[in-house]
Amino acid sequence: MTDTRIEFPADPSCIPEMRALAGAMCARFNLTVDAIDDAKHALDEALTIAISVAPPESTITCTLNATAEGFRARVSVPHDEDDESNVTSGLAWRVLCGMTHETKLHREDGRTTVHFALNVDASVT
């Protein structure tokens with residue numbers, strides 16, 4: 001499946017709809033109930049991180065990709081701070097790192113982007 005890109009306000013009220021979208025995308029590939037829940041929870045944590053650093057009235061860009069092998073997401077938001085410790089020291093970051101197979105934080109051109117991947121056929125170590 002190709003990437004699905006969505007832009008929406010950096011507002012916590014948008015999280016349930018994004019969780020539902022992630023769940024529907026994963027269900028399309030017959031992922032297990034546990035894998036679908038993990039994808040939804042990981043996306044929730046990534047969005048929480050983005051919203052916590054987003055300036056008021058900014059927009060989140062979210063790119064999702066689901067396949068039979070797993071789920072990947074990129075969540076990007078404007079963020080001008082140079083210090084990324086406020087992102088990586090929080091509970092949401094630790095939870096996201098603990099439940100995904102790959103987690104990265106990327107900062108460029110005034111944006112902070114959280115990348116994560118969940119693989120269905122591998123266990124998190």
# chains A, B, ... in the order shown; residues from 1 in each chain; ligands from 1

$ residues_around --residues "Pro12 (chain A)" --least-positions-apart "6" --cutoff "12 Å" --atoms "only C-alpha atoms" --output "VMD selection string"
chain A and resid 18 to 19 44 to 52 54 57 59 to 60

$ residues_around --residues "Cys97 (chain A)" --least-positions-apart "4" --cutoff "12 Å" --atoms "only C-alpha atoms" --output "PyMOL selection string"
chain A and resi 41-43+45-46+88-93+101-105+114-118+124-125

$ select_by_dssp --residues "chain A" --states "helix (DSSP H, G or I)" --output "PyMOL selection string"
chain A and resi 12-28+33-53+85-88+91-99

$ closest_residue --among "A:Val75, A:Val95, A:Met25, A:Cys14" --to "Arg107 (chain A)" --atoms "only C-alpha atoms"
A:Val75

$ atom_distance --atom1 "CA of Ala73 (chain A)" --atom2 "CA of Pro9 (chain A)"
17.2 Å

$ closest_residue --among "A:Asp34, A:Pro55, A:Glu108, A:Thr113" --to "Ser76 (chain A)" --atoms "only C-alpha atoms"
A:Thr113

$ closest_residue --among "A:Arg5, A:Ala10, A:Phe71, A:His106" --to "Asp37 (chain A)" --atoms "only C-alpha atoms"
A:Phe71

$ closest_residue --among "A:Asp3, A:Ala68, A:Ile15, A:Phe8" --to "Ala27 (chain A)" --atoms "only C-alpha atoms"
A:Ala68

$ closest_residue --among "A:His79, A:Glu17, A:Asp11, A:Val120" --to "Met99 (chain A)" --atoms "only C-alpha atoms"
A:Val120

$ atom_distance --atom1 "CA of Asn119 (chain A)" --atom2 "CA of Arg28 (chain A)"
15.7 Å

$ residues_around --residues "Thr2 (chain A)" --least-positions-apart "2" --cutoff "9 Å" --atoms "only C-alpha atoms" --output "number ranges by chain"
A: 4, 64-66
